Amino acid sequence: MPRVLLLIVMGLASACSEAQRVDLVEQVRGQPFYRYETTDEFDRIITFYISEPVGDDDLPLVVWIQGSGFGSHFQERDGRVARVGGSHSVVEESRGRARVLLIEKPGTSFLDVPEQPGSAVGSPVEFREQHTLDRWAAAIEAAIRASWAVEQVSRDRVLVMGHSEGGIVSAAVAARMPEVTHVALLAGGGPTQLYSLLRLARQGAFGAPEWTADEAESWLLTGWERVLNDPESADALYLGHPHRRWSTFMTTSPAALLDQSDAFVFIGQGLEDRAVDPSSADVLYAQLLSKGRRVEQMLVKGADHSFNRFEDGEYTGSDLGRVVKRAIDLMLEDESR
């Protein structure tokens, strides 16, 4: 047995009595991650991954929460296992400074490939039934608590960082867990997502090109009314996701959930975002400041929803690494811890 794997197994054996049960499954082929399983409060098996240790020190957790839709953190491409979902920058900026935690959404298995990335179209019934805000947050909490049983993972501080849909989920996890010391929302909104959708509809993001702003708004709100009239449906879709998902995500907000946490909040937002209205970041920033919260905002000129930059339609670079680095720096440099 490789020395690193042996140390992990020994660490699990010594810590199981003090933390949530965790089972080591395997090292992910060709990736600096180990795959684990635990169970959550709904008795579901939760699959998660922790980056391999670097050095001998105990390091804090950086929890990366992916955006919307079905699909695994890993996919097989040309016979090799590749990471997807934006975790590359997190792994790079955490190397030697923190351990990265990735969690599969319940109903998703290792190497699952989405039919339509970013949506639930074509996803299994189990995923469509399980992917609600409260159930997803419960799975993440279980994975975090299980991670504390792993060798060289510190409980001293925890950064939960979410992109897009992951933003509100990171706030929900912080609301559940007082142990979460830092939260980062990257293009994650602020008020209810309906705020962004309304603004985007009025800007022509939905419907036929000839629609007026009023027609686009009416179409959007008619769909939302259908969600409210059938909120538990896992089959009826609205904007690519089941009613069951929307009725838990859009009836609350990052701002409301962060009221239930004392964590330091970092807000990262690209100003050319066409999936989340950039002004939503200002709304969250202002609300947190008005309550005396510790918060920092980073607005990135020229960056889109994924923090990529384009010029005349050509990709010119990414600012995601810079944004992620700032969030991690804030956690590690926080003298209040």
# chains A, B, ... in the order shown; residues from 1 in each chain; ligands from 1

$ residues_around --residues "Ala143 (chain A)" --least-positions-apart "5" --cutoff "8 Å" --atoms "only C-alpha atoms" --output "CSV table (one decimal) with N, CA and C atoms, in the first residue's frame"
chain,number,residue,atom,x,y,z
A,38,THR,N,-19.7,8.8,2.6
A,38,THR,CA,-20.3,8.9,4.0
A,38,THR,C,-21.8,8.9,3.8
A,46,ILE,N,-23.2,9.7,0.3
A,46,ILE,CA,-22.7,10.9,-0.3
A,46,ILE,C,-21.2,10.6,-0.7
A,47,THR,N,-21.0,10.9,-2.0
A,47,THR,CA,-19.6,10.7,-2.5
A,47,THR,C,-18.9,12.0,-2.5
A,48,PHE,N,-17.7,12.0,-2.0
A,48,PHE,CA,-16.9,13.3,-2.0
A,48,PHE,C,-15.4,13.0,-2.3
A,103,ILE,N,-17.8,17.7,-3.7
A,103,ILE,CA,-18.9,16.7,-3.4
A,103,ILE,C,-19.8,16.5,-4.6

$ residues_around --residues "Gly69 (chain A)" --least-positions-apart "3" --cutoff "9 Å" --atoms "only C-alpha atoms" --output "short mmCIF file (atom, residue, chain, number, x, y, z; two decimals) with N, CA and C atoms, in the first residue's frame"
data_model
loop_
_atom_site.label_atom_id
_atom_site.label_comp_id
_atom_site.auth_asym_id
_atom_site.auth_seq_id
_atom_site.Cartn_x
_atom_site.Cartn_y
_atom_site.Cartn_z
N GLN A 66 -19.98 23.41 -7.07
CA GLN A 66 -20.15 23.65 -8.49
C GLN A 66 -21.46 24.35 -8.81
N PRO A 114 -23.42 14.93 -18.25
CA PRO A 114 -24.75 15.51 -18.47
C PRO A 114 -25.14 15.51 -19.94
N GLN A 116 -27.22 17.90 -21.14
CA GLN A 116 -27.10 19.34 -21.39
C GLN A 116 -26.43 19.97 -20.19
N PRO A 117 -25.13 20.27 -20.27
CA PRO A 117 -24.41 20.83 -19.12
C PRO A 117 -25.11 22.07 -18.57
N GLY A 118 -25.17 22.14 -17.24
CA GLY A 118 -25.79 23.28 -16.59
C GLY A 118 -27.27 23.14 -16.36
N SER A 119 -27.85 22.02 -16.80
CA SER A 119 -29.28 21.82 -16.63
C SER A 119 -29.56 20.41 -16.11
N ALA A 120 -30.84 20.14 -15.85
CA ALA A 120 -31.26 18.80 -15.42
C ALA A 120 -31.88 18.02 -16.57
N VAL A 121 -31.85 18.56 -17.77
CA VAL A 121 -32.43 17.88 -18.93
C VAL A 121 -31.72 16.54 -19.14
N SER A 123 -31.47 14.11 -17.08
CA SER A 123 -30.86 13.57 -15.85
C SER A 123 -31.74 12.48 -15.26
N GLU A 165 -24.99 28.81 -9.17
CA GLU A 165 -25.91 28.17 -8.22
C GLU A 165 -25.21 27.83 -6.91
N GLY A 240 -34.98 24.66 -17.67
CA GLY A 240 -34.04 23.54 -17.65
C GLY A 240 -33.91 22.80 -16.35
N HIS A 241 -34.70 23.19 -15.33
CA HIS A 241 -34.61 22.54 -14.02
C HIS A 241 -36.01 22.21 -13.51
#

$ residues_around --residues "region 168-176 of chain A" --least-positions-apart "6" --cutoff "7 Å" --atoms "only C-alpha atoms" --output "number ranges by chain"
A: 133, 137, 141, 160-162, 183, 188, 253-254, 257-258, 260-261

$ residues_around --residues "Val227 (chain A)" --least-positions-apart "4" --cutoff "7 Å" --atoms "only C-alpha atoms" --output "ChimeraX atom specification"
/A:223,231,243,247

$ residues_around --residues "Val63 (chain A)" --least-positions-apart "3" --cutoff "12 Å" --atoms "only C-alpha atoms" --output "ChimeraX atom specification"
/A:48-51,60,66,87,90-91,94,98-104,140-141,143-145,147,157-163,166-167,169-170,173-174,180-185,324,327-328

$ write_last_selection --atoms "N, CA and C atoms" --output "compact mmCIF listing (two decimals), in the first residue's frame"
# COMPACT_ATOMS: atom_id res chain seq x y z
N PHE A 48 -17.67 12.04 -2.04
CA PHE A 48 -16.89 13.28 -2.04
C PHE A 48 -15.42 12.97 -2.27
N TYR A 49 -14.67 14.02 -2.56
CA TYR A 49 -13.26 13.89 -2.92
C TYR A 49 -12.46 14.92 -2.12
N ILE A 50 -11.29 14.51 -1.64
CA ILE A 50 -10.38 15.42 -0.94
C ILE A 50 -9.03 15.37 -1.63
N SER A 51 -8.46 16.54 -1.87
CA SER A 51 -7.15 16.60 -2.52
C SER A 51 -6.10 15.95 -1.64
N PRO A 60 -6.46 23.63 6.39
CA PRO A 60 -7.91 23.86 6.42
C PRO A 60 -8.57 23.42 5.12
N GLN A 66 -19.98 23.41 -7.07
CA GLN A 66 -20.15 23.65 -8.49
C GLN A 66 -21.46 24.35 -8.81
N SER A 87 -13.04 23.48 -10.96
CA SER A 87 -12.21 23.25 -9.77
C SER A 87 -10.72 23.42 -10.03
N VAL A 90 -9.20 26.32 -8.20
CA VAL A 90 -9.26 26.11 -6.75
C VAL A 90 -8.13 25.19 -6.31
N VAL A 91 -7.91 24.12 -7.06
CA VAL A 91 -6.83 23.18 -6.74
C VAL A 91 -5.48 23.87 -6.84
N SER A 94 -4.94 26.41 -4.00
CA SER A 94 -4.93 25.80 -2.67
C SER A 94 -3.70 24.95 -2.41
N ALA A 98 -4.15 24.55 1.51
CA ALA A 98 -5.45 24.06 1.98
C ALA A 98 -5.75 22.75 1.27
N ARG A 99 -6.68 21.98 1.85
CA ARG A 99 -7.17 20.76 1.20
C ARG A 99 -8.49 21.09 0.52
N VAL A 100 -8.66 20.67 -0.71
CA VAL A 100 -9.86 20.96 -1.48
C VAL A 100 -10.86 19.82 -1.34
N LEU A 101 -12.10 20.18 -1.07
CA LEU A 101 -13.19 19.21 -0.94
C LEU A 101 -14.20 19.43 -2.07
N LEU A 102 -14.46 18.38 -2.83
CA LEU A 102 -15.48 18.37 -3.88
C LEU A 102 -16.54 17.35 -3.49
N ILE A 103 -17.80 17.65 -3.75
CA ILE A 103 -18.89 16.74 -3.39
C ILE A 103 -19.78 16.52 -4.61
N GLU A 104 -20.17 15.26 -4.83
CA GLU A 104 -21.12 14.96 -5.90
C GLU A 104 -22.53 15.26 -5.42
N ILE A 140 -23.63 18.37 1.62
CA ILE A 140 -22.35 19.06 1.76
C ILE A 140 -21.92 19.10 3.22
N GLU A 141 -22.85 19.37 4.12
CA GLU A 141 -22.51 19.36 5.54
C GLU A 141 -21.97 18.00 5.96
N ALA A 143 -20.43 15.80 4.14
CA ALA A 143 -19.10 15.62 3.57
C ALA A 143 -18.05 16.42 4.34
N ILE A 144 -18.39 17.64 4.74
CA ILE A 144 -17.45 18.45 5.53
C ILE A 144 -17.15 17.76 6.85
N ARG A 145 -18.18 17.32 7.54
CA ARG A 145 -17.96 16.69 8.85
C ARG A 145 -17.18 15.39 8.70
N SER A 147 -14.97 14.84 6.40
CA SER A 147 -13.60 15.21 6.02
C SER A 147 -12.72 15.45 7.24
N ARG A 157 -10.48 26.32 10.44
CA ARG A 157 -11.25 27.26 9.61
C ARG A 157 -11.74 26.52 8.37
N VAL A 158 -12.85 26.96 7.83
CA VAL A 158 -13.46 26.33 6.65
C VAL A 158 -13.95 27.43 5.71
N LEU A 159 -13.51 27.36 4.46
CA LEU A 159 -14.01 28.25 3.42
C LEU A 159 -14.94 27.44 2.51
N VAL A 160 -16.19 27.88 2.41
CA VAL A 160 -17.14 27.27 1.48
C VAL A 160 -17.33 28.24 0.33
N MET A 161 -16.91 27.82 -0.86
CA MET A 161 -16.88 28.70 -2.02
C MET A 161 -17.76 28.11 -3.12
N GLY A 162 -18.73 28.89 -3.59
CA GLY A 162 -19.63 28.39 -4.62
C GLY A 162 -19.71 29.31 -5.81
N HIS A 163 -19.81 28.70 -6.99
CA HIS A 163 -19.95 29.47 -8.23
C HIS A 163 -21.37 29.34 -8.77
N GLY A 166 -23.92 27.52 -7.00
CA GLY A 166 -23.16 27.19 -5.80
C GLY A 166 -23.07 28.33 -4.81
N GLY A 167 -23.34 29.56 -5.25
CA GLY A 167 -23.28 30.70 -4.34
C GLY A 167 -24.34 30.62 -3.26
N VAL A 169 -25.94 28.01 -2.43
CA VAL A 169 -25.72 26.78 -1.67
C VAL A 169 -24.66 27.00 -0.60
N SER A 170 -23.60 27.74 -0.93
CA SER A 170 -22.57 28.03 0.07
C SER A 170 -23.16 28.81 1.24
N VAL A 173 -25.14 26.35 3.39
CA VAL A 173 -24.27 25.52 4.22
C VAL A 173 -23.79 26.33 5.43
N ALA A 174 -23.41 27.58 5.20
CA ALA A 174 -22.97 28.44 6.30
C ALA A 174 -24.08 28.64 7.32
N VAL A 180 -18.41 26.96 9.76
CA VAL A 180 -17.98 27.61 8.52
C VAL A 180 -17.54 29.03 8.84
N THR A 181 -16.27 29.32 8.65
CA THR A 181 -15.72 30.62 9.03
C THR A 181 -15.71 31.63 7.89
N HIS A 182 -15.69 31.12 6.64
CA HIS A 182 -15.59 32.00 5.48
C HIS A 182 -16.47 31.45 4.36
N VAL A 183 -17.13 32.37 3.66
CA VAL A 183 -17.99 32.02 2.54
C VAL A 183 -17.59 32.88 1.35
N ALA A 184 -17.52 32.27 0.17
CA ALA A 184 -17.23 33.02 -1.05
C ALA A 184 -18.31 32.72 -2.08
N LEU A 185 -18.94 33.78 -2.58
CA LEU A 185 -19.94 33.65 -3.63
C LEU A 185 -19.36 34.23 -4.91
N VAL A 324 -10.37 33.38 -7.08
CA VAL A 324 -10.26 32.27 -6.13
C VAL A 324 -9.13 32.50 -5.14
N ALA A 327 -10.10 34.87 -2.37
CA ALA A 327 -10.98 34.26 -1.37
C ALA A 327 -10.19 33.38 -0.41
N ILE A 328 -9.24 32.61 -0.94
CA ILE A 328 -8.43 31.73 -0.09
C ILE A 328 -7.50 32.55 0.79

$ decode --residues "region 94-144 of chain A" --atoms "C-alpha atoms" --output "tab-separated table (two decimals), in the first residue's frame"
chain	number	residue	atom	x	y	z
A	94	SER	CA	-4.93	25.80	-2.67
A	95	ARG	CA	-1.84	23.70	-3.32
A	96	GLY	CA	0.22	23.43	-0.13
A	97	ARG	CA	-2.12	25.88	1.63
A	98	ALA	CA	-5.45	24.06	1.98
A	99	ARG	CA	-7.17	20.76	1.20
A	100	VAL	CA	-9.86	20.96	-1.48
A	101	LEU	CA	-13.19	19.21	-0.94
A	102	LEU	CA	-15.48	18.37	-3.88
A	103	ILE	CA	-18.89	16.74	-3.39
A	104	GLU	CA	-21.12	14.96	-5.90
A	105	LYS	CA	-24.73	16.07	-5.94
A	106	PRO	CA	-27.00	13.26	-4.68
A	107	GLY	CA	-28.26	11.31	-7.67
A	108	THR	CA	-24.95	11.84	-9.48
A	109	SER	CA	-22.28	9.15	-9.74
A	110	PHE	CA	-18.55	9.31	-10.42
A	111	LEU	CA	-17.91	10.06	-14.14
A	112	ASP	CA	-21.58	10.87	-14.95
A	113	VAL	CA	-21.85	13.05	-18.07
A	114	PRO	CA	-24.75	15.51	-18.47
A	115	GLU	CA	-26.93	15.54	-21.56
A	116	GLN	CA	-27.10	19.34	-21.39
A	117	PRO	CA	-24.41	20.83	-19.12
A	118	GLY	CA	-25.79	23.28	-16.59
A	119	SER	CA	-29.28	21.82	-16.63
A	120	ALA	CA	-31.26	18.80	-15.42
A	121	VAL	CA	-32.43	17.88	-18.93
A	122	GLY	CA	-31.94	14.14	-19.45
A	123	SER	CA	-30.86	13.57	-15.85
A	124	PRO	CA	-31.97	10.54	-13.77
A	125	VAL	CA	-35.18	10.75	-11.75
A	126	GLU	CA	-33.16	10.30	-8.55
A	127	PHE	CA	-31.20	13.48	-9.27
A	128	ARG	CA	-34.32	15.49	-10.10
A	129	GLU	CA	-35.97	14.33	-6.88
A	130	GLN	CA	-32.96	14.87	-4.63
A	131	HIS	CA	-31.63	18.19	-5.92
A	132	THR	CA	-33.31	20.70	-3.63
A	133	LEU	CA	-31.52	23.42	-1.68
A	134	ASP	CA	-31.98	21.85	1.75
A	135	ARG	CA	-31.04	18.34	0.63
A	136	TRP	CA	-27.98	19.51	-1.30
A	137	ALA	CA	-26.80	21.58	1.69
A	138	ALA	CA	-27.30	18.57	3.97
A	139	ALA	CA	-25.10	16.44	1.72
A	140	ILE	CA	-22.35	19.06	1.76
A	141	GLU	CA	-22.51	19.36	5.54
A	142	ALA	CA	-22.14	15.58	5.86
A	143	ALA	CA	-19.10	15.62	3.57
A	144	ILE	CA	-17.45	18.45	5.53
